Amino acid sequence: MATITLLDDSTRPIAPKLEGATAHHELPGKHLKMIHRYHLQELNQVRRFLDEFEAGEPKLAELSKAASTLKMHASMRLFGNLCGQECEMLNAHHSIESQMMFPVLHNRGNDGIKRVVERLMAEHDIIHYFLKELEIKANKIQQNPATENFESLKETFKNLEKIIRSHFKYEETQLEVALGFYGVEI
Ligand SMILES: [Fe+2]
Ligand SMILES: [Fe+2]
C-alpha cells in the first residue's frame, strides 16, 4: 500500500496563493481546524488509555491469575470500544469532506487547489482502509479479548493515529484560505 508515499510531505501539492483573499476568508478554515482539534483530543484520550493500560500491566501480574485475566479482558474490550467510537466519528468527518465539501471546492477551485483536493481525496481512501481495519479488529476484540487481537488492534490504531495527525495538518494548512475564498460551507 502506498501509505508512506502519500504521507510524505514532499509529494503533497501546495495550495497556490489566492490573490484578493482577506482575513474573512479564513473563517471556514479556522472552523475546520477546530473540528480537527476535537478529533485529535478524542484520539489523545484513546492513546492515553492505551499508554496507561500498558504501564499498568506489571501491576496486573501481582493480582491472582483469575483477577488479572478478568481485568485484562475488560481493558481490552474497553480499548476496542473506544476504537469503534473513534471509527464512527472519523468516518462521519471524512464523509462530509469527501461527499460535500471537496466536490464543491474541486469544482470551483483553480488548478492548484484542484490538485490539493485530489490528493486529500486519495488520502481519505487510505484512511478509510485503516478505519475499516480498525473497526473489524475492534469488533473482534469484543468477541475474543486475546493478547494477539489486542496487539493487532493496537498496531492499526497507531498507524491510523500517525496518518490522521499528518493528514489533518496538511489539510488545514492548504485549505486555510481556499474554503472561504471559494465559498465552501463546512
Ligand atoms: Fe480530510
Ligand atoms: Fe478534515
# chains A, B, ... in the order shown; residues from 1 in each chain; ligands from 1
>>> residues_near_ligand(ligand="ligand 2", cutoff="7 Å", atoms="only C-alpha atoms and all ligand atoms", output="list in words")
Leu32, His36, His93, His94, Glu97, Phe168 and Glu171 of chain A
>>> write_last_selection(atoms="N, CA and C atoms", output="compact mmCIF listing (two decimals), in the first residue's frame")
# COMPACT_ATOMS: atom_id res chain seq x y z
N LEU A 32 -12.70 24.46 10.40
CA LEU A 32 -12.20 23.11 10.10
C LEU A 32 -11.11 22.71 11.11
N HIS A 36 -10.98 19.57 13.70
CA HIS A 36 -9.82 18.67 13.79
C HIS A 36 -9.30 18.58 15.22
N HIS A 93 -16.74 12.51 9.77
CA HIS A 93 -15.99 13.71 9.37
C HIS A 93 -15.53 13.61 7.91
N HIS A 94 -14.97 12.46 7.56
CA HIS A 94 -14.45 12.31 6.20
C HIS A 94 -15.55 12.21 5.15
N GLU A 97 -16.51 15.73 4.28
CA GLU A 97 -15.50 16.33 3.41
C GLU A 97 -15.56 15.75 2.00
N PHE A 168 -4.54 15.72 8.82
CA PHE A 168 -5.22 16.91 9.35
C PHE A 168 -4.34 18.15 9.14
N GLU A 171 -4.19 19.08 5.47
CA GLU A 171 -5.49 19.58 5.01
C GLU A 171 -5.78 20.99 5.53
>>> residues_near_ligand(ligand="ligand 1", cutoff="12 Å", atoms="only C-alpha atoms and all ligand atoms", output="mmCIF file with all heavy atoms, in the first residue's frame")
data_model
loop_
_atom_site.group_PDB
_atom_site.id
_atom_site.type_symbol
_atom_site.label_atom_id
_atom_site.label_comp_id
_atom_site.auth_asym_id
_atom_site.auth_seq_id
_atom_site.Cartn_x
_atom_site.Cartn_y
_atom_site.Cartn_z
ATOM 1 N N LEU A 32 -12.702 24.457 10.404
ATOM 2 C CA LEU A 32 -12.199 23.110 10.105
ATOM 3 C C LEU A 32 -11.112 22.713 11.111
ATOM 4 O O LEU A 32 -11.087 21.590 11.615
ATOM 5 C CB LEU A 32 -11.630 23.062 8.678
ATOM 6 C CG LEU A 32 -11.054 21.710 8.242
ATOM 7 C CD1 LEU A 32 -12.156 20.696 8.003
ATOM 8 C CD2 LEU A 32 -10.212 21.848 6.978
ATOM 9 N N LYS A 33 -10.259 23.673 11.417
ATOM 10 C CA LYS A 33 -9.182 23.431 12.372
ATOM 11 C C LYS A 33 -9.760 23.047 13.749
ATOM 12 O O LYS A 33 -9.249 22.170 14.432
ATOM 13 C CB LYS A 33 -8.350 24.709 12.500
ATOM 14 C CG LYS A 33 -6.887 24.460 12.575
ATOM 15 C CD LYS A 33 -6.155 25.788 12.476
ATOM 16 C CE LYS A 33 -4.670 25.531 12.548
ATOM 17 N NZ LYS A 33 -3.880 26.678 12.219
ATOM 18 N N ILE A 35 -12.649 21.667 14.331
ATOM 19 C CA ILE A 35 -13.214 20.311 14.238
ATOM 20 C C ILE A 35 -12.076 19.287 14.361
ATOM 21 O O ILE A 35 -12.191 18.286 15.075
ATOM 22 C CB ILE A 35 -13.989 20.131 12.900
ATOM 23 C CG1 ILE A 35 -15.210 21.049 12.881
ATOM 24 C CG2 ILE A 35 -14.391 18.674 12.693
ATOM 25 C CD1 ILE A 35 -15.937 21.141 11.553
ATOM 26 N N HIS A 36 -10.975 19.573 13.696
ATOM 27 C CA HIS A 36 -9.816 18.669 13.787
ATOM 28 C C HIS A 36 -9.302 18.583 15.222
ATOM 29 O O HIS A 36 -8.947 17.505 15.690
ATOM 30 C CB HIS A 36 -8.691 19.148 12.867
ATOM 31 C CG HIS A 36 -8.932 18.838 11.418
ATOM 32 N ND1 HIS A 36 -8.123 19.298 10.413
ATOM 33 C CD2 HIS A 36 -9.890 18.104 10.803
ATOM 34 C CE1 HIS A 36 -8.580 18.865 9.244
ATOM 35 N NE2 HIS A 36 -9.658 18.138 9.464
ATOM 36 N N HIS A 39 -11.307 16.119 17.167
ATOM 37 C CA HIS A 39 -10.977 14.728 16.857
ATOM 38 C C HIS A 39 -9.619 14.331 17.441
ATOM 39 O O HIS A 39 -9.440 13.205 17.896
ATOM 40 C CB HIS A 39 -10.961 14.504 15.340
ATOM 41 C CG HIS A 39 -12.334 14.478 14.742
ATOM 42 N ND1 HIS A 39 -13.213 13.436 14.951
ATOM 43 C CD2 HIS A 39 -12.993 15.368 13.976
ATOM 44 C CE1 HIS A 39 -14.351 13.700 14.316
ATOM 45 N NE2 HIS A 39 -14.248 14.862 13.727
ATOM 46 N N LEU A 90 -14.672 9.561 12.934
ATOM 47 C CA LEU A 90 -13.797 9.944 11.817
ATOM 48 C C LEU A 90 -14.446 9.635 10.471
ATOM 49 O O LEU A 90 -14.277 10.380 9.513
ATOM 50 C CB LEU A 90 -12.437 9.237 11.937
ATOM 51 C CG LEU A 90 -11.543 9.774 13.058
ATOM 52 C CD1 LEU A 90 -10.321 8.882 13.262
ATOM 53 C CD2 LEU A 90 -11.076 11.202 12.756
ATOM 54 N N ASN A 91 -15.188 8.558 10.416
ATOM 55 C CA ASN A 91 -15.917 8.242 9.186
ATOM 56 C C ASN A 91 -16.896 9.359 8.838
ATOM 57 O O ASN A 91 -17.005 9.767 7.687
ATOM 58 C CB ASN A 91 -16.709 6.942 9.349
ATOM 59 C CG ASN A 91 -15.939 5.762 8.795
ATOM 60 O OD1 ASN A 91 -15.185 5.901 7.834
ATOM 61 N ND2 ASN A 91 -16.127 4.593 9.388
ATOM 62 N N ALA A 92 -17.582 9.848 9.869
ATOM 63 C CA ALA A 92 -18.563 10.915 9.652
ATOM 64 C C ALA A 92 -17.857 12.174 9.146
ATOM 65 O O ALA A 92 -18.298 12.812 8.185
ATOM 66 C CB ALA A 92 -19.312 11.205 10.944
ATOM 67 N N HIS A 93 -16.740 12.508 9.767
ATOM 68 C CA HIS A 93 -15.990 13.709 9.368
ATOM 69 C C HIS A 93 -15.531 13.609 7.912
ATOM 70 O O HIS A 93 -15.695 14.539 7.122
ATOM 71 C CB HIS A 93 -14.795 13.898 10.305
ATOM 72 C CG HIS A 93 -13.895 15.023 9.907
ATOM 73 N ND1 HIS A 93 -14.318 16.336 9.903
ATOM 74 C CD2 HIS A 93 -12.615 15.036 9.462
ATOM 75 C CE1 HIS A 93 -13.315 17.100 9.489
ATOM 76 N NE2 HIS A 93 -12.280 16.337 9.210
ATOM 77 N N HIS A 94 -14.972 12.456 7.559
ATOM 78 C CA HIS A 94 -14.447 12.309 6.198
ATOM 79 C C HIS A 94 -15.548 12.208 5.153
ATOM 80 O O HIS A 94 -15.357 12.622 4.013
ATOM 81 C CB HIS A 94 -13.488 11.117 6.119
ATOM 82 C CG HIS A 94 -12.194 11.415 6.790
ATOM 83 N ND1 HIS A 94 -11.587 10.584 7.685
ATOM 84 C CD2 HIS A 94 -11.427 12.515 6.707
ATOM 85 C CE1 HIS A 94 -10.488 11.158 8.124
ATOM 86 N NE2 HIS A 94 -10.365 12.328 7.552
ATOM 87 N N SER A 95 -16.685 11.673 5.551
ATOM 88 C CA SER A 95 -17.800 11.609 4.599
ATOM 89 C C SER A 95 -18.259 13.015 4.238
ATOM 90 O O SER A 95 -18.528 13.315 3.072
ATOM 91 C CB SER A 95 -18.989 10.843 5.191
ATOM 92 O OG SER A 95 -18.602 9.521 5.404
ATOM 93 N N ILE A 96 -18.357 13.887 5.244
ATOM 94 C CA ILE A 96 -18.774 15.273 4.980
ATOM 95 C C ILE A 96 -17.785 15.940 4.020
ATOM 96 O O ILE A 96 -18.174 16.590 3.058
ATOM 97 C CB ILE A 96 -18.888 16.069 6.306
ATOM 98 C CG1 ILE A 96 -20.049 15.515 7.131
ATOM 99 C CG2 ILE A 96 -19.080 17.560 6.038
ATOM 100 C CD1 ILE A 96 -20.125 16.041 8.552
ATOM 101 N N GLU A 97 -16.511 15.726 4.284
ATOM 102 C CA GLU A 97 -15.500 16.331 3.414
ATOM 103 C C GLU A 97 -15.558 15.749 1.997
ATOM 104 O O GLU A 97 -15.610 16.491 1.011
ATOM 105 C CB GLU A 97 -14.106 16.118 4.009
ATOM 106 C CG GLU A 97 -13.869 16.958 5.244
ATOM 107 C CD GLU A 97 -12.504 16.733 5.868
ATOM 108 O OE1 GLU A 97 -11.806 15.752 5.511
ATOM 109 O OE2 GLU A 97 -12.136 17.526 6.732
ATOM 110 N N SER A 98 -15.521 14.423 1.917
ATOM 111 C CA SER A 98 -15.440 13.758 0.598
ATOM 112 C C SER A 98 -16.694 13.933 -0.239
ATOM 113 O O SER A 98 -16.618 14.019 -1.461
ATOM 114 C CB SER A 98 -15.208 12.257 0.774
ATOM 115 O OG SER A 98 -13.969 12.022 1.312
ATOM 116 N N GLN A 99 -17.837 13.936 0.426
ATOM 117 C CA GLN A 99 -19.080 13.970 -0.348
ATOM 118 C C GLN A 99 -19.648 15.379 -0.535
ATOM 119 O O GLN A 99 -20.339 15.635 -1.513
ATOM 120 C CB GLN A 99 -20.129 13.073 0.304
ATOM 121 C CG GLN A 99 -19.783 11.600 0.153
ATOM 122 C CD GLN A 99 -20.540 10.723 1.126
ATOM 123 O OE1 GLN A 99 -21.626 11.082 1.568
ATOM 124 N NE2 GLN A 99 -19.967 9.591 1.480
ATOM 125 N N MET A 100 -19.367 16.271 0.424
ATOM 126 C CA MET A 100 -19.972 17.600 0.310
ATOM 127 C C MET A 100 -18.957 18.713 0.040
ATOM 128 O O MET A 100 -19.090 19.453 -0.925
ATOM 129 C CB MET A 100 -20.784 17.905 1.569
ATOM 130 C CG MET A 100 -21.971 16.953 1.695
ATOM 131 S SD MET A 100 -22.590 16.840 3.358
ATOM 132 C CE MET A 100 -23.631 18.281 3.358
ATOM 133 N N MET A 101 -17.963 18.828 0.900
ATOM 134 C CA MET A 101 -17.050 19.971 0.769
ATOM 135 C C MET A 101 -16.094 19.862 -0.433
ATOM 136 O O MET A 101 -15.961 20.800 -1.215
ATOM 137 C CB MET A 101 -16.206 20.104 2.039
ATOM 138 C CG MET A 101 -16.971 20.589 3.244
ATOM 139 S SD MET A 101 -16.041 20.270 4.752
ATOM 140 C CE MET A 101 -14.467 21.040 4.413
ATOM 141 N N PHE A 102 -15.421 18.731 -0.537
ATOM 142 C CA PHE A 102 -14.373 18.611 -1.556
ATOM 143 C C PHE A 102 -14.893 18.680 -2.996
ATOM 144 O O PHE A 102 -14.261 19.326 -3.845
ATOM 145 C CB PHE A 102 -13.541 17.342 -1.331
ATOM 146 C CG PHE A 102 -12.652 17.403 -0.107
ATOM 147 C CD1 PHE A 102 -11.931 16.295 0.308
ATOM 148 C CD2 PHE A 102 -12.518 18.582 0.631
ATOM 149 C CE1 PHE A 102 -11.113 16.351 1.430
ATOM 150 C CE2 PHE A 102 -11.714 18.648 1.759
ATOM 151 C CZ PHE A 102 -11.008 17.523 2.153
ATOM 152 N N VAL A 116 -4.648 19.857 -4.848
ATOM 153 C CA VAL A 116 -4.651 19.633 -3.393
ATOM 154 C C VAL A 116 -5.854 18.762 -3.017
ATOM 155 O O VAL A 116 -5.738 17.797 -2.258
ATOM 156 C CB VAL A 116 -4.682 20.975 -2.618
ATOM 157 C CG1 VAL A 116 -4.944 20.746 -1.141
ATOM 158 C CG2 VAL A 116 -3.380 21.734 -2.812
ATOM 159 N N VAL A 117 -7.017 19.104 -3.565
ATOM 160 C CA VAL A 117 -8.239 18.361 -3.239
ATOM 161 C C VAL A 117 -8.109 16.899 -3.687
ATOM 162 O O VAL A 117 -8.483 15.979 -2.954
ATOM 163 C CB VAL A 117 -9.489 19.018 -3.885
ATOM 164 C CG1 VAL A 117 -10.728 18.174 -3.651
ATOM 165 C CG2 VAL A 117 -9.709 20.413 -3.322
ATOM 166 N N GLU A 118 -7.548 16.690 -4.867
ATOM 167 C CA GLU A 118 -7.376 15.312 -5.367
ATOM 168 C C GLU A 118 -6.469 14.514 -4.434
ATOM 169 O O GLU A 118 -6.715 13.343 -4.144
ATOM 170 C CB GLU A 118 -6.812 15.327 -6.798
ATOM 171 C CG GLU A 118 -7.885 15.682 -7.825
ATOM 172 C CD GLU A 118 -7.338 16.242 -9.122
ATOM 173 O OE1 GLU A 118 -6.135 16.077 -9.397
ATOM 174 O OE2 GLU A 118 -8.133 16.863 -9.875
ATOM 175 N N ARG A 119 -5.433 15.169 -3.967
ATOM 176 C CA ARG A 119 -4.512 14.499 -3.048
ATOM 177 C C ARG A 119 -5.231 14.162 -1.719
ATOM 178 O O ARG A 119 -5.088 13.073 -1.169
ATOM 179 C CB ARG A 119 -3.305 15.408 -2.808
ATOM 180 C CG ARG A 119 -2.390 14.979 -1.707
ATOM 181 C CD ARG A 119 -1.785 13.605 -1.988
ATOM 182 N NE ARG A 119 -0.919 13.219 -0.920
ATOM 183 C CZ ARG A 119 0.377 12.957 -1.084
ATOM 184 N NH1 ARG A 119 0.931 13.009 -2.255
ATOM 185 N NH2 ARG A 119 1.108 12.596 -0.046
ATOM 186 N N LEU A 120 -6.005 15.135 -1.222
ATOM 187 C CA LEU A 120 -6.731 14.906 0.039
ATOM 188 C C LEU A 120 -7.712 13.733 -0.112
ATOM 189 O O LEU A 120 -7.859 12.916 0.803
ATOM 190 C CB LEU A 120 -7.486 16.182 0.455
ATOM 191 C CG LEU A 120 -6.608 17.319 0.996
ATOM 192 C CD1 LEU A 120 -7.415 18.607 1.085
ATOM 193 C CD2 LEU A 120 -6.022 16.959 2.349
ATOM 194 N N MET A 121 -8.352 13.660 -1.274
ATOM 195 C CA MET A 121 -9.295 12.563 -1.517
ATOM 196 C C MET A 121 -8.553 11.224 -1.525
ATOM 197 O O MET A 121 -9.051 10.231 -0.995
ATOM 198 C CB MET A 121 -10.010 12.753 -2.862
ATOM 199 C CG MET A 121 -10.916 13.955 -2.919
ATOM 200 S SD MET A 121 -12.491 13.672 -2.112
ATOM 201 C CE MET A 121 -13.499 13.270 -3.522
ATOM 202 N N ALA A 122 -7.368 11.205 -2.145
ATOM 203 C CA ALA A 122 -6.578 9.967 -2.187
ATOM 204 C C ALA A 122 -6.182 9.564 -0.765
ATOM 205 O O ALA A 122 -6.193 8.373 -0.414
ATOM 206 C CB ALA A 122 -5.335 10.174 -3.048
ATOM 207 N N GLU A 123 -5.855 10.550 0.074
ATOM 208 C CA GLU A 123 -5.504 10.246 1.463
ATOM 209 C C GLU A 123 -6.724 9.703 2.208
ATOM 210 O O GLU A 123 -6.609 8.834 3.061
ATOM 211 C CB GLU A 123 -4.926 11.499 2.148
ATOM 212 C CG GLU A 123 -3.602 11.904 1.524
ATOM 213 C CD GLU A 123 -2.808 12.919 2.322
ATOM 214 O OE1 GLU A 123 -3.182 13.225 3.465
ATOM 215 O OE2 GLU A 123 -1.796 13.406 1.780
ATOM 216 N N HIS A 124 -7.889 10.227 1.885
ATOM 217 C CA HIS A 124 -9.110 9.721 2.520
ATOM 218 C C HIS A 124 -9.308 8.231 2.218
ATOM 219 O O HIS A 124 -9.784 7.480 3.058
ATOM 220 C CB HIS A 124 -10.342 10.499 2.044
ATOM 221 C CG HIS A 124 -10.531 11.786 2.783
ATOM 222 N ND1 HIS A 124 -11.688 12.520 2.720
ATOM 223 C CD2 HIS A 124 -9.701 12.462 3.610
ATOM 224 C CE1 HIS A 124 -11.556 13.592 3.476
ATOM 225 N NE2 HIS A 124 -10.365 13.591 4.019
ATOM 226 N N ASP A 125 -8.956 7.817 0.993
ATOM 227 C CA ASP A 125 -9.085 6.396 0.636
ATOM 228 C C ASP A 125 -8.216 5.535 1.548
ATOM 229 O O ASP A 125 -8.626 4.478 2.003
ATOM 230 C CB ASP A 125 -8.672 6.161 -0.830
ATOM 231 C CG ASP A 125 -9.738 6.657 -1.788
ATOM 232 O OD1 ASP A 125 -10.869 6.937 -1.332
ATOM 233 O OD2 ASP A 125 -9.435 6.780 -2.993
ATOM 234 N N ILE A 126 -6.999 6.005 1.784
ATOM 235 C CA ILE A 126 -6.079 5.261 2.652
ATOM 236 C C ILE A 126 -6.637 5.238 4.078
ATOM 237 O O ILE A 126 -6.670 4.209 4.744
ATOM 238 C CB ILE A 126 -4.678 5.939 2.687
ATOM 239 C CG1 ILE A 126 -4.096 6.017 1.288
ATOM 240 C CG2 ILE A 126 -3.761 5.228 3.661
ATOM 241 C CD1 ILE A 126 -3.460 4.771 0.774
ATOM 242 N N ILE A 127 -7.088 6.399 4.540
ATOM 243 C CA ILE A 127 -7.628 6.496 5.901
ATOM 244 C C ILE A 127 -8.840 5.577 6.035
ATOM 245 O O ILE A 127 -8.996 4.883 7.050
ATOM 246 C CB ILE A 127 -8.001 7.960 6.243
ATOM 247 C CG1 ILE A 127 -6.724 8.796 6.349
ATOM 248 C CG2 ILE A 127 -8.783 8.038 7.549
ATOM 249 C CD1 ILE A 127 -6.953 10.283 6.432
ATOM 250 N N HIS A 128 -9.651 5.546 5.004
ATOM 251 C CA HIS A 128 -10.836 4.697 5.032
ATOM 252 C C HIS A 128 -10.451 3.222 5.187
ATOM 253 O O HIS A 128 -11.086 2.483 5.940
ATOM 254 C CB HIS A 128 -11.659 4.902 3.749
ATOM 255 C CG HIS A 128 -12.942 4.169 3.761
ATOM 256 N ND1 HIS A 128 -14.013 4.566 4.537
ATOM 257 C CD2 HIS A 128 -13.330 3.029 3.140
ATOM 258 C CE1 HIS A 128 -14.996 3.708 4.381
ATOM 259 N NE2 HIS A 128 -14.609 2.760 3.535
ATOM 260 N N ILE A 163 -1.331 8.633 10.632
ATOM 261 C CA ILE A 163 -1.885 9.110 9.359
ATOM 262 C C ILE A 163 -2.831 10.284 9.584
ATOM 263 O O ILE A 163 -2.764 11.295 8.889
ATOM 264 C CB ILE A 163 -2.641 7.967 8.636
ATOM 265 C CG1 ILE A 163 -1.637 6.893 8.208
ATOM 266 C CG2 ILE A 163 -3.404 8.473 7.434
ATOM 267 C CD1 ILE A 163 -2.285 5.598 7.767
ATOM 268 N N ILE A 164 -3.701 10.160 10.575
ATOM 269 C CA ILE A 164 -4.683 11.228 10.843
ATOM 270 C C ILE A 164 -3.983 12.531 11.207
ATOM 271 O O ILE A 164 -4.328 13.595 10.686
ATOM 272 C CB ILE A 164 -5.647 10.816 11.999
ATOM 273 C CG1 ILE A 164 -6.561 9.666 11.566
ATOM 274 C CG2 ILE A 164 -6.456 12.003 12.505
ATOM 275 C CD1 ILE A 164 -7.705 10.043 10.667
ATOM 276 N N ARG A 165 -2.999 12.451 12.085
ATOM 277 C CA ARG A 165 -2.301 13.674 12.515
ATOM 278 C C ARG A 165 -1.665 14.366 11.308
ATOM 279 O O ARG A 165 -1.750 15.587 11.151
ATOM 280 C CB ARG A 165 -1.216 13.348 13.545
ATOM 281 C CG ARG A 165 -1.791 12.999 14.905
ATOM 282 C CD ARG A 165 -0.704 12.771 15.947
ATOM 283 N NE ARG A 165 -1.260 12.127 17.132
ATOM 284 C CZ ARG A 165 -1.961 12.768 18.073
ATOM 285 N NH1 ARG A 165 -2.154 14.059 17.974
ATOM 286 N NH2 ARG A 165 -2.457 12.109 19.100
ATOM 287 N N SER A 166 -1.034 13.575 10.457
ATOM 288 C CA SER A 166 -0.358 14.135 9.298
ATOM 289 C C SER A 166 -1.377 14.697 8.286
ATOM 290 O O SER A 166 -1.199 15.801 7.754
ATOM 291 C CB SER A 166 0.479 13.016 8.669
ATOM 292 O OG SER A 166 0.990 13.413 7.453
ATOM 293 N N HIS A 167 -2.442 13.954 8.065
ATOM 294 C CA HIS A 167 -3.473 14.371 7.108
ATOM 295 C C HIS A 167 -4.168 15.660 7.566
ATOM 296 O O HIS A 167 -4.355 16.581 6.772
ATOM 297 C CB HIS A 167 -4.499 13.246 6.942
ATOM 298 C CG HIS A 167 -5.702 13.627 6.150
ATOM 299 N ND1 HIS A 167 -5.687 13.732 4.778
ATOM 300 C CD2 HIS A 167 -6.965 13.957 6.532
ATOM 301 C CE1 HIS A 167 -6.885 14.097 4.353
ATOM 302 N NE2 HIS A 167 -7.685 14.243 5.396
ATOM 303 N N PHE A 168 -4.540 15.724 8.823
ATOM 304 C CA PHE A 168 -5.216 16.907 9.353
ATOM 305 C C PHE A 168 -4.340 18.152 9.143
ATOM 306 O O PHE A 168 -4.808 19.199 8.717
ATOM 307 C CB PHE A 168 -5.485 16.761 10.863
ATOM 308 C CG PHE A 168 -6.745 15.995 11.196
ATOM 309 C CD1 PHE A 168 -7.483 15.354 10.220
ATOM 310 C CD2 PHE A 168 -7.184 15.920 12.518
ATOM 311 C CE1 PHE A 168 -8.647 14.649 10.547
ATOM 312 C CE2 PHE A 168 -8.349 15.223 12.856
ATOM 313 C CZ PHE A 168 -9.074 14.589 11.863
ATOM 314 N N LYS A 169 -3.069 17.995 9.471
ATOM 315 C CA LYS A 169 -2.150 19.130 9.395
ATOM 316 C C LYS A 169 -2.057 19.628 7.944
ATOM 317 O O LYS A 169 -2.133 20.826 7.676
ATOM 318 C CB LYS A 169 -0.775 18.707 9.918
ATOM 319 C CG LYS A 169 0.109 19.856 10.252
ATOM 320 C CD LYS A 169 1.307 19.402 11.052
ATOM 321 C CE LYS A 169 2.355 20.487 11.001
ATOM 322 N NZ LYS A 169 3.669 20.010 10.638
ATOM 323 N N TYR A 170 -1.894 18.673 7.038
ATOM 324 C CA TYR A 170 -1.791 19.040 5.610
ATOM 325 C C TYR A 170 -3.088 19.709 5.145
ATOM 326 O O TYR A 170 -3.070 20.775 4.531
ATOM 327 C CB TYR A 170 -1.493 17.775 4.799
ATOM 328 C CG TYR A 170 -1.546 17.973 3.299
ATOM 329 C CD1 TYR A 170 -0.718 18.906 2.668
ATOM 330 C CD2 TYR A 170 -2.421 17.226 2.511
ATOM 331 C CE1 TYR A 170 -0.770 19.088 1.293
ATOM 332 C CE2 TYR A 170 -2.481 17.403 1.139
ATOM 333 C CZ TYR A 170 -1.650 18.342 0.527
ATOM 334 O OH TYR A 170 -1.714 18.526 -0.824
ATOM 335 N N GLU A 171 -4.192 19.081 5.470
ATOM 336 C CA GLU A 171 -5.494 19.576 5.010
ATOM 337 C C GLU A 171 -5.782 20.993 5.526
ATOM 338 O O GLU A 171 -6.155 21.884 4.759
ATOM 339 C CB GLU A 171 -6.571 18.610 5.504
ATOM 340 C CG GLU A 171 -7.954 18.888 4.973
ATOM 341 C CD GLU A 171 -8.897 17.782 5.418
ATOM 342 O OE1 GLU A 171 -8.977 16.744 4.757
ATOM 343 O OE2 GLU A 171 -9.542 17.958 6.472
ATOM 344 N N GLU A 172 -5.597 21.190 6.817
ATOM 345 C CA GLU A 172 -5.965 22.503 7.359
ATOM 346 C C GLU A 172 -5.000 23.602 6.914
ATOM 347 O O GLU A 172 -5.389 24.763 6.798
ATOM 348 C CB GLU A 172 -6.134 22.445 8.893
ATOM 349 C CG GLU A 172 -4.912 22.051 9.658
ATOM 350 C CD GLU A 172 -5.224 21.674 11.115
ATOM 351 O OE1 GLU A 172 -6.256 21.039 11.378
ATOM 352 O OE2 GLU A 172 -4.406 22.016 11.981
ATOM 353 N N THR A 173 -3.761 23.233 6.629
ATOM 354 C CA THR A 173 -2.803 24.236 6.153
ATOM 355 C C THR A 173 -3.144 24.660 4.726
ATOM 356 O O THR A 173 -3.185 25.846 4.411
ATOM 357 C CB THR A 173 -1.364 23.655 6.175
ATOM 358 O OG1 THR A 173 -1.134 23.073 7.437
ATOM 359 C CG2 THR A 173 -0.339 24.728 5.920
ATOM 360 N N GLN A 174 -3.419 23.691 3.868
ATOM 361 C CA GLN A 174 -3.647 24.000 2.447
ATOM 362 C C GLN A 174 -5.026 24.614 2.194
ATOM 363 O O GLN A 174 -5.215 25.336 1.219
ATOM 364 C CB GLN A 174 -3.478 22.737 1.587
ATOM 365 C CG GLN A 174 -2.102 22.106 1.689
ATOM 366 C CD GLN A 174 -0.970 23.101 1.478
ATOM 367 O OE1 GLN A 174 -1.030 23.933 0.571
ATOM 368 N NE2 GLN A 174 0.037 23.055 2.343
ATOM 369 N N LEU A 175 -5.988 24.286 3.058
ATOM 370 C CA LEU A 175 -7.349 24.800 2.821
ATOM 371 C C LEU A 175 -7.677 26.022 3.671
ATOM 372 O O LEU A 175 -8.807 26.502 3.673
ATOM 373 C CB LEU A 175 -8.397 23.700 3.074
ATOM 374 C CG LEU A 175 -8.261 22.421 2.235
ATOM 375 C CD1 LEU A 175 -9.458 21.519 2.460
ATOM 376 C CD2 LEU A 175 -8.118 22.730 0.754
#
>>> residues_around(residues="A:Gly109", least_positions_apart="5", cutoff="8 Å", atoms="only C-alpha atoms", output="MDAnalysis selection string")
chainID A and resid 114 178 182
>>> write_last_selection(atoms="N, CA, C and O atoms", output="PDB file, in the first residue's frame")
ATOM      1  N   LYS A 114      -7.350  22.329  -7.117  1.00  0.00           N
ATOM      2  CA  LYS A 114      -7.871  21.022  -7.559  1.00  0.00           C
ATOM      3  C   LYS A 114      -6.871  19.918  -7.228  1.00  0.00           C
ATOM      4  O   LYS A 114      -7.245  18.851  -6.760  1.00  0.00           O
ATOM      5  N   ALA A 178      -8.624  28.710   1.133  1.00  0.00           N
ATOM      6  CA  ALA A 178      -9.395  28.268  -0.042  1.00  0.00           C
ATOM      7  C   ALA A 178     -10.881  28.033   0.250  1.00  0.00           C
ATOM      8  O   ALA A 178     -11.743  28.398  -0.564  1.00  0.00           O
ATOM      9  N   TYR A 182     -13.505  30.318  -1.896  1.00  0.00           N
ATOM     10  CA  TYR A 182     -14.398  29.746  -2.904  1.00  0.00           C
ATOM     11  C   TYR A 182     -15.821  29.496  -2.364  1.00  0.00           C
ATOM     12  O   TYR A 182     -16.621  28.824  -3.007  1.00  0.00           O
TER      13      TYR A 182
END
>>> closest_residue(among="A:Ile141, A:Ala66, A:Leu134, A:Ile113", to="A:Thr156", atoms="only C-alpha atoms")
A:Leu134
>>> closest_residue(among="A:Glu148, A:Glu62, A:Glu88, A:Asp111", to="A:Lys132", atoms="only C-alpha atoms")
A:Glu88
>>> residues_around(residues="A:Ile136", least_positions_apart="4", cutoff="10 Å", atoms="only C-alpha atoms", output="VMD selection string")
chain A and resid 80 84 130 to 132 140 to 141 153
>>> write_last_selection(atoms="N, CA, C and O atoms", output="compact mmCIF listing (two decimals), in the first residue's frame")
# COMPACT_ATOMS: atom_id res chain seq x y z
N GLY A 80 -11.23 -1.65 22.59
CA GLY A 80 -11.98 -1.94 21.37
C GLY A 80 -13.16 -1.00 21.19
O GLY A 80 -13.42 -0.49 20.11
N GLY A 84 -13.78 1.73 18.28
CA GLY A 84 -15.01 1.67 17.49
C GLY A 84 -15.68 3.03 17.41
O GLY A 84 -16.12 3.47 16.34
N PHE A 130 -7.81 2.04 6.68
CA PHE A 130 -7.40 1.80 8.06
C PHE A 130 -8.58 1.85 9.04
O PHE A 130 -8.63 1.11 10.02
N LEU A 131 -9.53 2.73 8.75
CA LEU A 131 -10.71 2.82 9.64
C LEU A 131 -11.50 1.52 9.58
O LEU A 131 -11.99 1.03 10.60
N LYS A 132 -11.61 0.97 8.37
CA LYS A 132 -12.33 -0.29 8.19
C LYS A 132 -11.62 -1.40 8.98
O LYS A 132 -12.24 -2.18 9.70
N LYS A 140 -13.70 -7.58 16.75
CA LYS A 140 -13.12 -8.89 17.05
C LYS A 140 -12.71 -9.01 18.52
O LYS A 140 -12.91 -10.04 19.15
N ILE A 141 -12.17 -7.92 19.05
CA ILE A 141 -11.70 -7.98 20.44
C ILE A 141 -12.87 -8.03 21.43
O ILE A 141 -12.73 -8.51 22.55
N LEU A 153 -4.89 -4.89 17.05
CA LEU A 153 -5.73 -3.68 17.11
C LEU A 153 -4.86 -2.45 17.42
O LEU A 153 -5.01 -1.39 16.81
>>> residues_around(residues="A:Gly183", least_positions_apart="6", cutoff="12 Å", atoms="only C-alpha atoms", output="list of chain:residue names")
A:Ala21, A:His24, A:His25, A:Glu26, A:Leu27, A:Pro28, A:Gly29, A:Met101, A:Phe102, A:Val104, A:Leu105, A:His106, A:Asn107, A:Arg108, A:Gly109, A:Leu175, A:Val177
